[in-house]
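File shown: coords_16.cif (mmCIF, C-alpha atoms).
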```cif
data_input
loop_
_atom_site.label_atom_id
_atom_site.label_comp_id
_atom_site.auth_asym_id
_atom_site.auth_seq_id
_atom_site.Cartn_x
_atom_site.Cartn_y
_atom_site.Cartn_z
CA MET A 258 15.72 -35.13 63.92
CA THR A 259 14.68 -31.58 63.06
CA GLU A 260 11.64 -29.97 61.60
CA ASP A 261 13.66 -29.21 58.49
CA LYS A 262 14.32 -32.88 57.91
CA ILE A 263 10.66 -33.68 57.97
CA GLN A 264 9.87 -30.75 55.73
CA ASN A 265 12.59 -31.77 53.34
CA LEU A 266 11.38 -35.36 53.23
CA LEU A 267 7.78 -34.34 52.67
CA GLN A 268 8.64 -31.85 49.95
CA LYS A 269 10.68 -34.40 48.09
CA ALA A 270 7.90 -36.96 48.47
CA ASP A 271 5.47 -34.38 47.10
CA GLU A 272 7.70 -33.60 44.15
CA THR A 273 8.15 -37.25 43.26
CA ALA A 274 4.36 -37.79 43.37
CA GLY A 275 4.01 -35.52 40.35
CA ARG A 276 1.59 -32.81 39.56
CA PRO A 277 -2.13 -33.42 39.40
CA THR A 278 -3.74 -33.71 36.02
CA PRO A 279 -4.55 -30.29 34.63
CA VAL A 280 -8.11 -29.23 35.19
CA SER A 281 -10.00 -27.49 32.45
CA ILE A 282 -12.60 -25.31 34.05
CA ASN A 283 -14.45 -22.34 32.70
CA LEU A 284 -17.63 -20.53 33.47
CA SER A 285 -19.80 -22.71 31.26
CA THR A 286 -18.47 -25.86 32.94
CA VAL A 287 -19.24 -24.43 36.34
CA ARG A 288 -22.71 -23.36 35.27
CA HIS A 289 -23.37 -26.74 33.77
CA ARG A 290 -22.24 -28.36 37.01
CA ALA A 291 -24.39 -25.99 39.04
CA ASN A 292 -27.43 -26.86 36.93
CA HIS A 293 -26.66 -30.54 37.25
CA LYS A 294 -26.34 -30.22 41.02
CA ARG A 295 -29.58 -28.26 41.19
CA ILE A 296 -31.36 -30.94 39.18
CA VAL A 297 -29.90 -33.68 41.35
CA SER A 298 -30.80 -31.79 44.51
CA VAL A 299 -34.39 -31.51 43.28
CA ALA A 300 -34.72 -34.84 41.50
CA VAL A 301 -33.27 -37.02 44.24
CA PRO A 302 -35.74 -35.93 46.94
CA ILE A 303 -38.61 -36.20 44.43
CA ALA A 304 -37.49 -39.66 43.39
CA ALA A 305 -37.07 -40.67 47.02
CA ALA A 306 -40.51 -39.30 47.83
CA ALA A 307 -41.96 -41.17 44.85
CA VAL A 308 -40.29 -44.38 45.95
CA ILE A 309 -41.54 -43.90 49.51
CA LEU A 310 -45.06 -43.12 48.30
CA THR A 311 -45.07 -46.12 45.98
CA THR A 312 -43.76 -48.34 48.75
CA VAL A 313 -46.34 -47.00 51.18
CA GLY A 314 -49.07 -47.45 48.59
CA LEU A 315 -48.03 -51.01 47.82
CA TRP A 316 -47.69 -51.72 51.48
CA GLY A 317 -51.14 -50.29 52.13
CA LEU A 318 -52.59 -52.32 49.27
CA THR A 319 -50.93 -55.45 50.55
CA ALA A 320 -52.05 -54.69 54.08
CA ARG A 321 -55.59 -54.13 52.83
CA ASN A 322 -55.52 -57.43 50.94
CA VAL A 323 -54.20 -59.16 53.98
CA LYS A 324 -56.88 -57.44 56.04
CA THR A 325 -59.59 -58.53 53.59
CA GLN A 326 -58.31 -62.09 53.63
CA GLN A 327 -58.24 -62.01 57.38
CA GLN A 328 -61.78 -60.66 57.49
CA GLN A 329 -62.97 -63.40 55.13
CA LYS A 330 -61.23 -65.94 57.28
CA ILE A 331 -62.87 -64.47 60.37
CA VAL A 332 -66.30 -64.60 58.73
CA SER A 333 -65.70 -68.20 57.66
CA LEU A 334 -64.61 -69.12 61.15
CA GLN A 335 -67.62 -67.37 62.61
CA ASP A 336 -69.88 -69.41 60.29
CA GLN A 337 -68.14 -72.59 61.33
CA ILE A 338 -68.53 -71.64 64.97
CA ARG A 339 -72.22 -70.89 64.41
CA GLN A 340 -72.73 -74.25 62.71
CA LEU A 341 -70.86 -76.07 65.43
CA ARG A 342 -72.88 -74.25 68.07
CA ALA A 343 -76.15 -75.21 66.33
CA ARG A 344 -74.98 -78.81 66.07
CA ALA A 345 -73.95 -78.81 69.71
CA ASP A 346 -77.33 -77.34 70.70
CA ALA A 347 -79.16 -80.05 68.71
CA THR A 348 -77.04 -82.76 70.30
CA PHE A 349 -77.60 -81.25 73.71
CA ASN A 350 -81.36 -81.15 73.15
CA LEU A 351 -81.30 -84.76 71.96
CA VAL A 352 -79.33 -85.85 75.00
CA HIS A 353 -81.60 -83.81 77.24
CA GLU A 354 -84.66 -85.40 75.66
CA ALA A 355 -83.20 -88.90 76.02
CA LEU A 356 -82.35 -88.22 79.65
CA GLU A 357 -85.87 -86.90 80.22
CA ASN A 358 -87.38 -90.00 78.63
CA GLU A 359 -85.15 -92.21 80.69
CA ARG A 360 -86.12 -90.32 83.81
CA LYS A 361 -89.81 -90.64 82.94
CA GLN A 362 -89.41 -94.33 82.24
CA GLN A 363 -87.65 -94.78 85.56
CA ARG A 364 -90.42 -92.89 87.33
CA LEU A 365 -93.00 -94.98 85.56
CA ASP A 366 -91.24 -98.17 86.62
CA GLU A 367 -91.11 -96.91 90.17
CA LEU A 368 -94.80 -96.05 90.11
CA GLN A 369 -95.64 -99.38 88.58
CA ALA A 370 -93.59 -101.14 91.25
CA GLN A 371 -95.28 -99.02 93.87
CA LEU A 372 -98.65 -99.81 92.35
CA ALA A 373 -97.79 -103.47 92.27
CA SER A 374 -96.89 -103.35 95.93
CA ILE A 375 -100.31 -101.86 96.81
CA PRO A 376 -102.84 -104.72 97.48
CA ASP A 377 -106.02 -104.90 95.43
CA PRO A 378 -108.78 -103.18 97.49
CA ILE A 379 -111.54 -105.27 95.92
CA GLU A 380 -109.70 -108.39 96.86
CA GLU A 381 -109.14 -107.01 100.33
CA ILE A 382 -112.82 -106.11 100.65
CA ARG A 383 -113.68 -109.55 99.44
CA GLU A 384 -111.38 -111.04 102.04
CA GLN A 385 -112.89 -108.81 104.69
CA VAL A 386 -116.36 -109.79 103.58
CA ASP A 387 -115.35 -113.42 103.62
CA LYS A 388 -113.81 -113.03 107.04
CA THR A 389 -116.87 -111.24 108.41
CA ALA A 390 -119.12 -113.92 106.98
CA PHE A 391 -116.95 -116.59 108.54
CA ASN A 392 -117.03 -114.80 111.91
CA LEU A 393 -120.81 -114.57 111.77
CA VAL A 394 -121.10 -118.24 110.87
CA TYR A 395 -118.62 -119.11 113.58
CA GLN A 396 -120.54 -117.01 116.16
CA ALA A 397 -123.82 -118.59 115.04
CA ASP A 398 -122.31 -122.09 115.34
CA ARG A 399 -121.12 -121.28 118.86
CA MET A 400 -124.52 -119.84 119.81
CA TYR A 401 -126.26 -122.91 118.51
CA ARG A 402 -123.78 -125.51 119.72
CA GLU A 403 -122.34 -124.19 122.95
CA LEU A 404 -124.84 -121.60 124.19
CA ASN A 405 -127.92 -123.33 122.84
CA LEU A 406 -129.26 -120.07 121.48
CA LYS A 407 -131.03 -121.57 118.56
CA ARG A 408 -133.13 -118.56 117.62
CA SER A 409 -130.22 -116.17 117.67
CA ALA A 410 -128.16 -118.65 115.69
CA ILE A 411 -130.84 -118.95 113.03
CA GLN A 412 -131.09 -115.15 112.81
CA THR A 413 -127.36 -114.88 112.41
CA TYR A 414 -127.34 -117.58 109.68
CA LYS A 415 -130.09 -115.71 107.87
CA ARG A 416 -128.19 -112.46 108.24
CA VAL A 417 -125.16 -114.07 106.66
CA ILE A 418 -127.26 -115.28 103.76
CA GLU A 419 -128.82 -111.86 103.44
CA LEU A 420 -125.68 -109.76 103.73
CA PHE A 421 -123.13 -111.99 101.99
CA PRO A 422 -125.09 -114.09 99.55
CA GLU A 423 -122.17 -114.53 97.19
CA THR A 424 -119.75 -116.01 99.69
CA GLN A 425 -119.20 -119.65 100.52
CA TRP A 426 -120.28 -118.89 104.06
CA ALA A 427 -123.75 -118.08 102.79
CA ASP A 428 -123.89 -121.66 101.47
CA VAL A 429 -122.63 -122.91 104.85
CA ALA A 430 -125.29 -120.81 106.60
CA ARG A 431 -128.00 -122.26 104.35
CA GLN A 432 -126.69 -125.73 105.08
CA ARG A 433 -126.78 -125.00 108.86
CA LEU A 434 -130.28 -123.70 108.59
CA LEU A 435 -131.23 -126.84 106.70
CA GLU A 436 -129.56 -129.00 109.27
CA ILE A 437 -131.30 -127.14 112.12
CA LYS A 438 -134.59 -127.62 110.33
CA ASN A 439 -133.89 -131.29 109.87
CA SER A 440 -132.68 -131.70 113.39
CA ARG A 441 -136.09 -130.84 114.74
CA TYR A 442 -137.33 -134.15 113.36
CA LYS A 443 -134.24 -136.33 113.68
CA LYS A 444 -133.15 -135.35 117.12
CA ASP A 445 -132.02 -138.31 119.11
CA SER A 446 -132.71 -138.79 122.80
CA LYS A 447 -129.38 -137.40 123.92
CA GLY A 448 -129.83 -134.31 121.82
CA ASP A 449 -126.62 -134.76 119.67
CA LEU A 450 -126.34 -132.78 116.46
CA LEU A 451 -125.35 -134.27 113.16
CA TRP A 452 -123.28 -131.18 112.30
CA LYS A 453 -119.89 -130.79 113.95
CA PRO A 454 -118.38 -127.34 114.37
CA GLN A 455 -114.80 -128.69 113.74
CA ASN A 456 -115.73 -128.90 110.09
CA VAL A 457 -116.15 -125.14 109.98
CA HIS A 458 -112.69 -124.47 111.40
CA SER A 459 -111.06 -126.90 109.07
CA SER A 460 -112.69 -125.28 106.04
CA CYS A 461 -111.36 -121.83 106.97
CA MET B 307 4.88 -5.63 47.55
CA VAL B 308 4.05 -8.53 45.26
CA VAL B 309 1.47 -9.78 47.72
CA MET B 310 -0.11 -6.36 47.92
CA ALA B 311 -0.33 -6.17 44.15
CA GLU B 312 -1.87 -9.62 43.99
CA THR B 313 -4.46 -8.67 46.58
CA ILE B 314 -5.43 -5.58 44.68
CA ASP B 315 -5.64 -7.60 41.51
CA ASP B 316 -7.90 -10.17 43.22
CA GLU B 317 -10.18 -7.44 44.55
CA CYS B 318 -10.50 -6.09 41.03
CA LEU B 319 -11.48 -9.50 39.71
CA VAL B 320 -14.06 -9.95 42.42
CA ARG B 321 -15.50 -6.52 41.81
CA GLN B 322 -15.67 -7.15 38.06
CA PHE B 323 -17.44 -10.46 38.63
CA ASN B 324 -19.91 -8.83 40.96
CA GLN B 325 -20.59 -6.19 38.33
CA GLY B 326 -21.53 -8.94 35.87
CA ASP B 327 -18.27 -9.49 34.06
CA ASN B 328 -18.09 -13.22 33.60
CA SER B 329 -14.59 -13.09 32.19
CA ALA B 330 -13.43 -12.13 35.68
CA PHE B 331 -14.43 -15.57 36.90
CA ASP B 332 -12.41 -17.16 34.14
CA GLY B 333 -9.53 -15.00 35.25
CA ILE B 334 -9.83 -16.30 38.81
CA VAL B 335 -10.00 -19.85 37.54
CA LYS B 336 -7.00 -19.39 35.36
CA LYS B 337 -5.04 -17.80 38.17
CA TYR B 338 -5.81 -20.25 40.97
CA SER B 339 -6.97 -23.53 39.50
CA ALA B 340 -3.47 -24.98 39.45
CA ASP B 341 -2.79 -24.03 43.07
CA ILE B 342 -6.13 -25.42 44.16
CA ALA B 343 -5.54 -28.63 42.24
CA VAL B 344 -2.13 -29.04 43.89
CA LEU B 345 -3.54 -28.39 47.35
CA ALA B 346 -6.43 -30.79 46.77
CA ASN B 347 -4.00 -33.36 45.45
CA ARG B 348 -1.91 -33.10 48.59
CA LEU B 349 -4.84 -33.08 50.96
CA LEU B 350 -6.45 -36.11 49.32
CA GLY B 351 -3.29 -38.17 49.42
CA TRP B 352 -1.88 -37.53 45.96
CA PRO B 353 -4.53 -39.35 43.92
CA GLY B 354 -3.57 -37.42 40.78
CA ASP B 355 -7.08 -36.86 39.53
CA VAL B 356 -8.70 -34.05 41.51
CA GLU B 357 -10.92 -32.58 38.83
CA ASP B 358 -14.12 -33.26 40.70
CA VAL B 359 -12.94 -31.51 43.81
CA VAL B 360 -11.57 -28.54 41.90
CA GLN B 361 -14.82 -28.20 39.99
CA ASP B 362 -16.75 -28.33 43.25
CA VAL B 363 -14.47 -25.65 44.65
CA PHE B 364 -15.05 -23.32 41.74
CA LEU B 365 -18.75 -24.03 41.82
CA ALA B 366 -18.77 -22.93 45.46
CA VAL B 367 -16.72 -19.91 44.46
CA PHE B 368 -19.18 -19.08 41.70
CA VAL B 369 -22.09 -19.28 44.11
CA GLY B 370 -20.39 -17.52 47.01
CA LEU B 371 -18.24 -14.94 45.33
CA LYS B 372 -20.95 -12.28 45.62
CA LYS B 373 -20.78 -12.68 49.39
CA PHE B 374 -17.00 -12.40 49.48
CA ARG B 375 -16.16 -9.14 51.27
CA CYS B 376 -12.38 -9.16 50.67
CA GLU B 377 -11.64 -9.26 54.40
CA CYS B 378 -8.95 -11.81 53.67
CA SER B 379 -7.06 -12.62 50.51
CA LEU B 380 -8.90 -14.43 47.74
CA LYS B 381 -6.26 -17.15 47.84
CA SER B 382 -6.92 -17.82 51.54
CA TRP B 383 -10.63 -17.94 50.89
CA LEU B 384 -10.14 -20.35 48.00
CA PHE B 385 -7.86 -22.53 50.11
CA THR B 386 -10.44 -22.58 52.90
CA ILE B 387 -13.10 -23.72 50.43
CA THR B 388 -10.69 -26.31 49.04
CA ILE B 389 -9.98 -27.69 52.49
CA ASN B 390 -13.72 -27.95 53.22
CA LYS B 391 -14.41 -29.63 49.92
CA CYS B 392 -11.55 -32.06 50.47
CA ARG B 393 -12.93 -32.93 53.89
CA THR B 394 -16.35 -33.61 52.38
CA TYR B 395 -14.80 -35.59 49.54
CA ARG B 396 -12.74 -37.72 51.91
CA TYR B 397 -15.73 -38.32 54.15
CA LYS B 398 -17.88 -39.42 51.23
CA ARG B 399 -15.10 -41.58 49.89
CA MET B 400 -14.62 -43.13 53.32
CA LEU B 401 -18.33 -43.97 53.50
CA ARG B 402 -18.33 -45.37 49.98
CA LEU B 403 -15.21 -47.44 50.29
CA LYS B 404 -15.31 -48.23 53.99
CA LYS B 405 -14.91 -51.94 53.61
CA PHE B 406 -12.33 -51.57 50.89
CA SER B 407 -10.36 -49.06 52.96
CA LYS B 408 -10.37 -51.42 55.94
CA ALA B 409 -8.99 -54.18 53.78
CA ALA B 410 -6.37 -51.85 52.39
CA ASP B 411 -5.36 -50.68 55.87
CA LYS B 412 -4.91 -54.24 56.97
CA MET B 413 -2.43 -54.88 54.21
CA PRO B 414 1.11 -55.16 55.58
CA ARG B 415 3.27 -52.17 54.92
CA SER B 416 6.76 -52.67 53.64
CA HIS B 417 9.37 -51.22 55.94
CA SER B 418 12.33 -52.70 54.21
CA ARG B 419 14.96 -50.41 53.06
CA ALA B 420 15.96 -50.14 49.44
CA ALA B 421 18.36 -52.74 48.28
CA ASP B 422 20.73 -50.34 46.62
CA GLY B 423 21.15 -48.32 49.79
CA GLN B 424 19.84 -45.14 48.22
CA LEU B 425 18.52 -42.88 50.96
CA MET B 426 15.32 -41.56 49.42
CA ASP B 427 14.01 -43.73 46.69
CA SER B 428 10.47 -43.98 45.43
CA GLU B 429 9.47 -46.45 48.10
CA THR B 430 10.67 -44.08 50.78
CA PHE B 431 8.63 -41.25 49.35
CA ASN B 432 5.65 -43.51 49.05
CA ARG B 433 5.95 -44.26 52.72
CA ALA B 434 6.24 -40.58 53.52
CA ARG B 435 3.17 -39.76 51.48
CA HIS B 436 1.30 -42.63 53.06
CA ALA B 437 2.25 -41.40 56.51
CA VAL B 438 0.86 -37.95 55.70
CA THR B 439 -2.29 -39.40 54.20
CA ALA B 440 -2.82 -41.60 57.23
CA LEU B 441 -2.76 -38.62 59.59
CA PRO B 442 -6.08 -37.37 60.90
CA ALA B 443 -7.42 -34.36 59.04
CA LYS B 444 -6.69 -31.98 61.90
CA TYR B 445 -2.97 -32.88 61.68
CA ARG B 446 -2.72 -33.51 57.96
CA GLU B 447 -4.09 -30.10 56.95
CA PRO B 448 -1.58 -28.05 58.97
CA ILE B 449 1.27 -30.20 57.66
CA VAL B 450 0.18 -29.73 54.05
CA LEU B 451 -0.37 -26.00 54.40
CA ARG B 452 2.79 -25.33 56.38
CA TYR B 453 5.34 -27.67 54.83
CA LEU B 454 4.06 -28.33 51.34
CA GLN B 455 2.17 -25.16 50.48
CA GLN B 456 4.78 -23.28 52.53
CA LEU B 457 2.30 -20.84 53.94
CA SER B 458 3.02 -18.84 57.02
CA ILE B 459 1.68 -19.78 60.43
CA THR B 460 -0.65 -16.79 60.36
CA GLU B 461 -2.04 -17.57 56.95
CA SER B 462 -2.41 -21.27 57.69
CA SER B 463 -4.24 -20.59 60.93
CA ARG B 464 -6.53 -18.14 59.15
CA ILE B 465 -7.31 -20.65 56.43
CA LEU B 466 -8.00 -23.40 58.93
CA GLY B 467 -10.00 -21.07 61.16
CA ILE B 468 -7.97 -21.83 64.26
CA SER B 469 -5.61 -19.86 66.45
CA GLU B 470 -1.87 -19.81 65.79
CA ASN B 471 -1.19 -21.52 69.07
CA LEU B 472 -3.52 -24.33 68.25
CA LEU B 473 -1.91 -24.62 64.85
CA GLN B 474 1.52 -24.91 66.50
CA VAL B 475 0.21 -27.57 68.83
CA ARG B 476 -1.25 -29.55 65.97
CA LEU B 477 1.91 -29.20 63.92
CA ASN B 478 3.94 -30.44 66.86
CA ARG B 479 1.70 -33.47 67.34
CA ALA B 480 1.68 -34.18 63.63
CA ARG B 481 5.49 -34.07 63.57
CA LYS B 482 5.62 -36.50 66.48
CA ARG B 483 3.40 -38.91 64.63
CA LEU B 484 5.41 -38.58 61.46
CA ARG B 485 8.62 -39.09 63.40
CA ARG B 486 7.20 -42.25 64.88
CA GLU B 487 6.08 -43.48 61.49
CA LEU B 488 9.18 -42.42 59.56
CA ALA B 489 11.84 -42.77 62.23
CA GLU B 490 13.76 -45.28 60.16
CA LEU B 491 13.95 -42.94 57.19
CA LEU B 492 14.70 -39.79 59.13
CA GLU B 493 17.65 -41.33 60.94
CA GLU B 494 19.53 -41.80 57.70
#
```
Can the structure in the file be given as structure tokens, please?
Amino acid sequence: MTEDKIQNLLQKADETAGRPTPVSINLSTVRHRANHKRIVSVAVPIAAAAVILTTVGLWGLTARNVKTQQQQKIVSLQDQIRQLRARADATFNLVHEALENERKQQRLDELQAQLASIPDPIEEIREQVDKTAFNLVYQADRMYRELNLKRSAIQTYKRVIELFPETQWADVARQRLLEIKNSRYKKDSKGDLLWKPQNVHSSC
Amino acid sequence: MVVMAETIDDECLVRQFNQGDNSAFDGIVKKYSADIAVLANRLLGWPGDVEDVVQDVFLAVFVGLKKFRCECSLKSWLFTITINKCRTYRYKRMLRLKKFSKAADKMPRSHSRAADGQLMDSETFNRARHAVTALPAKYREPIVLRYLQQLSITESSRILGISENLLQVRLNRARKRLRRELAELLEE
């Protein structure tokens, strides 16, 4: 296989392919083509720039619209958040107030219970007065009955009547004084008294 | 002697054009348009219609002729421009028809011999042309210049802008490829 064979084959293949179509070119054609190329070389970049600018402009406009919509949405959301916050604050205040009332009520109940547990001082004083009057009457009864100190007993009865006139023991003291007065006339020979001190103890 | 006369004639045309004589350009076109069309036709794979490329070549000539300093022959310069334009044209065509070209490349090639036993029929030549067209540009261009345009090694290397040695190497490799592709035909 030689170089000549290849050359021969290729030349024959070239010949059988035929000649290219004749080209009609002259100076005016070339100039026209040059002008056309110049126009294309200027027009294409300008058109591309215009397309890019238009695209960028549209994109910017769209972006701005999107931005505006987003801003409106943000403002709306902020309003909603503000309203929700106000509502939450009101609810919180209401709950706080209710809790405060409940706490006050509870404190009041406690105080009332505490107050209820405290005894009435007037009643206590009255009891003390009653007790003191009883003691005086009891002492006077003993002085008169057991110690035979009649004068002292009468003074004590009178003191009870004077100091505690409202009590029942004042009535008892009056009755004793009356009995003592009566006993001066109705005293039997053995000297027994009509009044019995056991009655006093039983009445207490 | 003929070559010398041609060179002198070309220099005259160039000088006339540079002096403002537009008819000189028409003279150049008339003289070389056919050769350029043939070369473009071969380099582009024998498409037949190479008017666009030839017009582009002469447009480049029109623009660049004032810079031409006659250091080489006008024909070599024109062939160099033609080769460059063909490269650009093929590249653009490849980009434009990439998918189509892929599909076309995938099509099965017929390797069957002619039924009548004739050694070099049209199918054979088609295969030969296809083999040349399928070569890479760096191998196809030396083959076209050397074997089809029948230019000398020196002139071909000058047109391609490479050394003679490199041209020989490329020719050798191109031949190997063609041998591999066309072995069946070349054995006959």
Counting all atoms listed in the file, which residues in chain A sit no more than 10 Å from chain B? For each one, give the nearest pair of atoms and the distance in Å, sorted by chain then residue number, as CSV.
```
residue,atom,partner,partner_atom,distance
A:Met258,CA,B:Leu492,CA,6.8
A:Thr259,CA,B:Leu492,CA,9.1
A:Glu260,CA,B:Arg481,CA,7.6
A:Asp261,CA,B:Tyr453,CA,9.2
A:Lys262,CA,B:Leu492,CA,7.0
A:Ile263,CA,B:Leu492,CA,7.4
A:Gln264,CA,B:Tyr453,CA,5.6
A:Asn265,CA,B:Tyr453,CA,8.5
A:Leu266,CA,B:Ala434,CA,7.3
A:Leu267,CA,B:Ala434,CA,6.5
A:Gln268,CA,B:Leu454,CA,5.9
A:Lys269,CA,B:Phe431,CA,7.3
A:Ala270,CA,B:Phe431,CA,4.4
A:Asp271,CA,B:Arg435,CA,7.3
A:Glu272,CA,B:Phe431,CA,9.3
A:Thr273,CA,B:Phe431,CA,7.3
A:Ala274,CA,B:Trp352,CA,6.8
A:Gly275,CA,B:Gly354,CA,7.8
A:Arg276,CA,B:Val344,CA,6.8
A:Pro277,CA,B:Gly354,CA,4.5
A:Thr278,CA,B:Asp355,CA,5.8
A:Pro279,CA,B:Ala340,CA,7.3
A:Val280,CA,B:Glu357,CA,5.7
A:Ser281,CA,B:Glu357,CA,8.2
A:Ile282,CA,B:Gln361,CA,7.0
A:Asn283,CA,B:Asp332,CA,5.8
A:Leu284,CA,B:Asp332,CA,6.2
A:Ser285,CA,B:Asp332,CA,9.7
A:Thr286,CA,B:Gln361,CA,8.3
A:Val287,CA,B:Leu365,CA,5.5
A:Arg288,CA,B:Leu365,CA,7.7
A:His289,CA,B:Leu365,CA,9.7
A:Arg290,CA,B:Leu365,CA,7.4
A:Ala291,CA,B:Leu365,CA,6.6
A:Lys294,CA,B:Leu365,CA,9.8
```
Worksheet entry | Glu470 of chain B surroundings by only C-alpha atoms, 12 Å radius, close-in-sequence under 4 positions cut, as a list of chain:residue names |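 My reading of the contact set: B:Pro448, B:Arg452, B:Ser458, B:Ile459, B:Thr460, B:Glu461, B:Ser462, B:Ser463, B:Arg464, B:Ile465, B:Leu466, B:Gln474, B:Val475, B:Arg476, B:Leu477.
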Worksheet item: With all atoms listed in the file as the basis for distance, which of A:Arg339, A:Lys415, A:Val332, A:Arg321 is at the shortest distance from Gln432 of chain A?
Response: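 Using all atoms listed in the file, Gln432 of chain A sits closest to A:Lys415.
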Worksheet item: Do you know which residues are at most 9 Å from Ala397 of chain A counting all atoms listed in the file, after dropping those on the same chain fewer than 5 positions away, and could you put them as a ChimeraX atom specification?
Response: /A:392,402,406-407,409-414,430
Store the residues picked out above in a file with C-alpha atoms, as a PDB file, keeping the file's coordinate frame.
```pdb
ATOM      1  CA  ASN A 392    -117.030-114.800 111.910  1.00  0.00           C
ATOM      2  CA  ARG A 402    -123.780-125.510 119.720  1.00  0.00           C
ATOM      3  CA  LEU A 406    -129.260-120.070 121.480  1.00  0.00           C
ATOM      4  CA  LYS A 407    -131.030-121.570 118.560  1.00  0.00           C
ATOM      5  CA  SER A 409    -130.220-116.170 117.670  1.00  0.00           C
ATOM      6  CA  ALA A 410    -128.160-118.650 115.690  1.00  0.00           C
ATOM      7  CA  ILE A 411    -130.840-118.950 113.030  1.00  0.00           C
ATOM      8  CA  GLN A 412    -131.090-115.150 112.810  1.00  0.00           C
ATOM      9  CA  THR A 413    -127.360-114.880 112.410  1.00  0.00           C
ATOM     10  CA  TYR A 414    -127.340-117.580 109.680  1.00  0.00           C
ATOM     11  CA  ALA A 430    -125.290-120.810 106.600  1.00  0.00           C
TER      12      ALA A 430
END
```
Worksheet entry | Test item: residues at most 8 Å from Arg483 of chain B, all atoms listed in the file, excluding those fewer than 4 positions along its chain, as a ChimeraX atom specification | /B:441,479,487
Fill in: Test item: residues at most 10 Å from Thr389 of chain A, all atoms listed in the file, excluding those fewer than 6 positions along its chain, as an MDAnalysis selection string
chainID A and resid 383 395 417 421 426
Worksheet item: How far is it from atom CA of Glu490 of chain B to atom CA of Arg396 of chain B, in Å with one decimal?
Response: 28.8 Å
Item to complete: Grab the atom CA of Ile437 of chain A to atom CA of Leu420 of chain A distance for me, in Å with one decimal place.
Response: 20.1 Å
